[in-house]
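*Asks:* The following block contains the structure, expressed as structure tokens.
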Amino acid sequence: MNDHIRRNMPLFPIGIVMQLTELTARQVRYYEQNDLIKPARTKGNQRLFSFQDVDRLLEIKNLLEQGVNISGIKQIIQMKQQVKDRALEQEKERANKQMTDSELRKHLKHDLFMAGRHGRASIIQGQLSRFFH
């Protein structure tokens, strides 16, 4: 099980979260109503919070102590999520851009045949020739 899954597992009831964050149940519900957190629900409709939710509540508490209002907190959270989303997209693009072995061989074979032509340096010709017959 990876860390991301562990951190997002709904484990804590609101009473434990109140002790961990020193927030009241009313404050926690208010942040949920304002879509700052989204705890999981049991079949009995009880809130269960993950480590990620607790971290988010502590972040909200810290920002409020610094004088940021709820609207500002929403914007900060949205911007952080956008940065994370962009980073994931870039990682996916990098993974998709990686060449397969067959594509790499095709590319290297082309370079070998083009070595010395059209003013291209032939320094790699000796190294690549041992791979292709």
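In the structure tokens, the first chain shown is A, the next is B, and so on; residue numbers restart at 1 for each chain, and ligands run from 1 in the order shown.
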Could you pull the residues within 9 Å of Ile60 in chain A, counting only C-alpha atoms, minus those fewer than 6 positions along the same chain, as a PDB file with all heavy atoms, in the first residue's frame?

*Replies:*
ATOM      1  N   TYR A  31     -16.284  24.296   7.674  1.00  0.00           N
ATOM      2  CA  TYR A  31     -15.282  24.149   6.605  1.00  0.00           C
ATOM      3  C   TYR A  31     -15.756  23.129   5.567  1.00  0.00           C
ATOM      4  O   TYR A  31     -15.499  23.282   4.380  1.00  0.00           O
ATOM      5  CB  TYR A  31     -13.924  23.756   7.173  1.00  0.00           C
ATOM      6  CG  TYR A  31     -13.399  24.745   8.199  1.00  0.00           C
ATOM      7  CD1 TYR A  31     -12.658  24.315   9.287  1.00  0.00           C
ATOM      8  CD2 TYR A  31     -13.651  26.106   8.093  1.00  0.00           C
ATOM      9  CE1 TYR A  31     -12.189  25.212  10.238  1.00  0.00           C
ATOM     10  CE2 TYR A  31     -13.196  27.010   9.041  1.00  0.00           C
ATOM     11  CZ  TYR A  31     -12.475  26.559  10.107  1.00  0.00           C
ATOM     12  OH  TYR A  31     -12.021  27.444  11.054  1.00  0.00           O
ATOM     13  N   LEU A  36     -14.113  23.172   1.818  1.00  0.00           N
ATOM     14  CA  LEU A  36     -12.678  23.201   2.076  1.00  0.00           C
ATOM     15  C   LEU A  36     -12.158  21.806   2.410  1.00  0.00           C
ATOM     16  O   LEU A  36     -10.987  21.515   2.199  1.00  0.00           O
ATOM     17  CB  LEU A  36     -12.361  24.170   3.220  1.00  0.00           C
ATOM     18  CG  LEU A  36     -12.689  25.635   2.926  1.00  0.00           C
ATOM     19  CD1 LEU A  36     -12.487  26.487   4.171  1.00  0.00           C
ATOM     20  CD2 LEU A  36     -11.832  26.153   1.788  1.00  0.00           C
ATOM     21  N   VAL A  68      -6.097  35.278   6.970  1.00  0.00           N
ATOM     22  CA  VAL A  68      -6.705  34.983   5.665  1.00  0.00           C
ATOM     23  C   VAL A  68      -8.163  34.590   5.901  1.00  0.00           C
ATOM     24  O   VAL A  68      -8.462  33.798   6.797  1.00  0.00           O
ATOM     25  CB  VAL A  68      -5.946  33.841   4.949  1.00  0.00           C
ATOM     26  CG1 VAL A  68      -6.560  33.545   3.594  1.00  0.00           C
ATOM     27  CG2 VAL A  68      -4.472  34.186   4.816  1.00  0.00           C
ATOM     28  N   ILE A  70     -12.039  33.032   4.629  1.00  0.00           N
ATOM     29  CA  ILE A  70     -12.451  31.771   3.998  1.00  0.00           C
ATOM     30  C   ILE A  70     -12.318  31.839   2.481  1.00  0.00           C
ATOM     31  O   ILE A  70     -11.852  30.891   1.843  1.00  0.00           O
ATOM     32  CB  ILE A  70     -13.901  31.407   4.409  1.00  0.00           C
ATOM     33  CG1 ILE A  70     -13.985  31.114   5.903  1.00  0.00           C
ATOM     34  CG2 ILE A  70     -14.421  30.213   3.607  1.00  0.00           C
ATOM     35  CD1 ILE A  70     -13.179  29.911   6.354  1.00  0.00           C
ATOM     36  N   ILE A  73      -8.741  31.463   1.613  1.00  0.00           N
ATOM     37  CA  ILE A  73      -8.308  30.072   1.833  1.00  0.00           C
ATOM     38  C   ILE A  73      -8.743  29.196   0.669  1.00  0.00           C
ATOM     39  O   ILE A  73      -7.975  28.362   0.185  1.00  0.00           O
ATOM     40  CB  ILE A  73      -8.851  29.546   3.181  1.00  0.00           C
ATOM     41  CG1 ILE A  73      -8.176  30.288   4.337  1.00  0.00           C
ATOM     42  CG2 ILE A  73      -8.634  28.047   3.306  1.00  0.00           C
ATOM     43  CD1 ILE A  73      -8.775  30.004   5.702  1.00  0.00           C
TER      44      ILE A  73
END

*Asks:* When you look at Gln27 in chain A with a cut-off of 12 Å (counting only C-alpha atoms), what residues show up, excluding the ones that are within fewer than 4 positions of it in the same chain? I need them as a ChimeraX atom specification.

*Replies:* /A:14,17-18,21-23,31-34,36-37,57-58,60-61,64,70

*Asks:* Hey, what does DSSP flag as strand (DSSP E) within chain A? Can you give it to me as a list in words?

*Replies:*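 Residues meeting the strand (DSSP E) criterion: Ala40, Arg41, Arg47 and Leu48 of chain A.
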
*Asks:* Kindly export the residues of the current selection with N, CA and C atoms, as a short mmCIF file (atom, residue, chain, number, x, y, z; two decimals), in the first residue's frame.

*Replies:*
data_model
loop_
_atom_site.label_atom_id
_atom_site.label_comp_id
_atom_site.auth_asym_id
_atom_site.auth_seq_id
_atom_site.Cartn_x
_atom_site.Cartn_y
_atom_site.Cartn_z
N ALA A 40 -15.13 11.49 4.20
CA ALA A 40 -15.95 10.36 3.77
C ALA A 40 -17.10 10.19 4.75
N ARG A 41 -18.10 9.45 4.35
CA ARG A 41 -19.25 9.18 5.21
C ARG A 41 -19.45 7.67 5.33
N ARG A 47 -19.19 11.19 9.71
CA ARG A 47 -18.00 11.67 9.01
C ARG A 47 -16.79 10.87 9.45
N LEU A 48 -15.96 10.50 8.48
CA LEU A 48 -14.67 9.88 8.78
C LEU A 48 -13.60 10.67 8.03
#

*Asks:* What are the nearest atom pairs, with distances in Å to one decimal, for all residues of range 36-118 of chain A that come at most 7 Å from range 2-7 of chain A, using only C-alpha atoms, set out by chain and rising residue number as CSV?

*Replies:*
residue,atom,partner,partner_atom,distance
A:Ser50,CA,A:Arg7,CA,6.2
A:Phe51,CA,A:Arg7,CA,5.0
A:Gln52,CA,A:Arg7,CA,5.5

*Asks:* Using the selection just defined, write its residues with all heavy atoms as a compact mmCIF listing (two decimals), in the first residue's frame.

*Replies:*
# COMPACT_ATOMS: atom_id res chain seq x y z
N SER A 50 -9.54 11.55 6.97
CA SER A 50 -8.24 10.95 6.65
C SER A 50 -7.13 11.83 7.21
O SER A 50 -7.38 12.94 7.68
CB SER A 50 -8.09 10.83 5.14
OG SER A 50 -8.02 12.12 4.56
N PHE A 51 -5.90 11.33 7.14
CA PHE A 51 -4.75 12.15 7.51
C PHE A 51 -4.71 13.41 6.65
O PHE A 51 -4.37 14.49 7.12
CB PHE A 51 -3.44 11.37 7.33
CG PHE A 51 -3.19 10.35 8.40
CD1 PHE A 51 -3.27 9.00 8.11
CD2 PHE A 51 -2.85 10.73 9.68
CE1 PHE A 51 -3.02 8.05 9.09
CE2 PHE A 51 -2.61 9.80 10.67
CZ PHE A 51 -2.70 8.46 10.37
N GLN A 52 -5.06 13.26 5.38
CA GLN A 52 -5.08 14.39 4.45
C GLN A 52 -6.08 15.44 4.90
O GLN A 52 -5.79 16.64 4.83
CB GLN A 52 -5.43 13.88 3.04
CG GLN A 52 -5.03 14.78 1.93
CD GLN A 52 -3.53 14.76 1.69
OE1 GLN A 52 -2.87 13.78 1.97
NE2 GLN A 52 -3.01 15.84 1.19

*Asks:* Could you state the separation of CA of Gln90 in chain A and CA of Ser102 in chain A in Å, given to one decimal place?

*Replies:* 23.7 Å

*Asks:* CA of Asp55 in chain A and CA of Leu20 in chain A are how many Å apart?

*Replies:*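 Here the two named atoms are 9.8 Å from each other.
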
*Asks:* Measuring atom to atom with only C-alpha atoms, identify which of A:Leu108, A:Ala87, A:Met1, A:Leu11 is nearest to Phe49 in chain A.

*Replies:*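 Ranked by minimum distance to Phe49 in chain A, first place goes to A:Leu11.
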
*Asks:* To one decimal in Å, tell me the separation between CA of Pro39 in chain A and CA of Asn69 in chain A.

*Replies:*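 Pair CA of Pro39 in chain A / CA of Asn69 in chain A returns 21.4 Å.
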
*Asks:* Quick one: pick out all helix (DSSP H, G or I) residues within chain A from a backbone DSSP run and write them as a ChimeraX atom specification.

*Replies:* /A:3-7,14-21,25-33,51-65,70-97,101-114,125-129

*Asks:* Calculated over only C-alpha atoms, which of the candidates A:Tyr30, A:Gln46, A:Asp35, A:Phe12 has the smallest distance to Gln75 in chain A?

*Replies:*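 That would be A:Asp35, the residue with the smallest distance to Gln75 in chain A.
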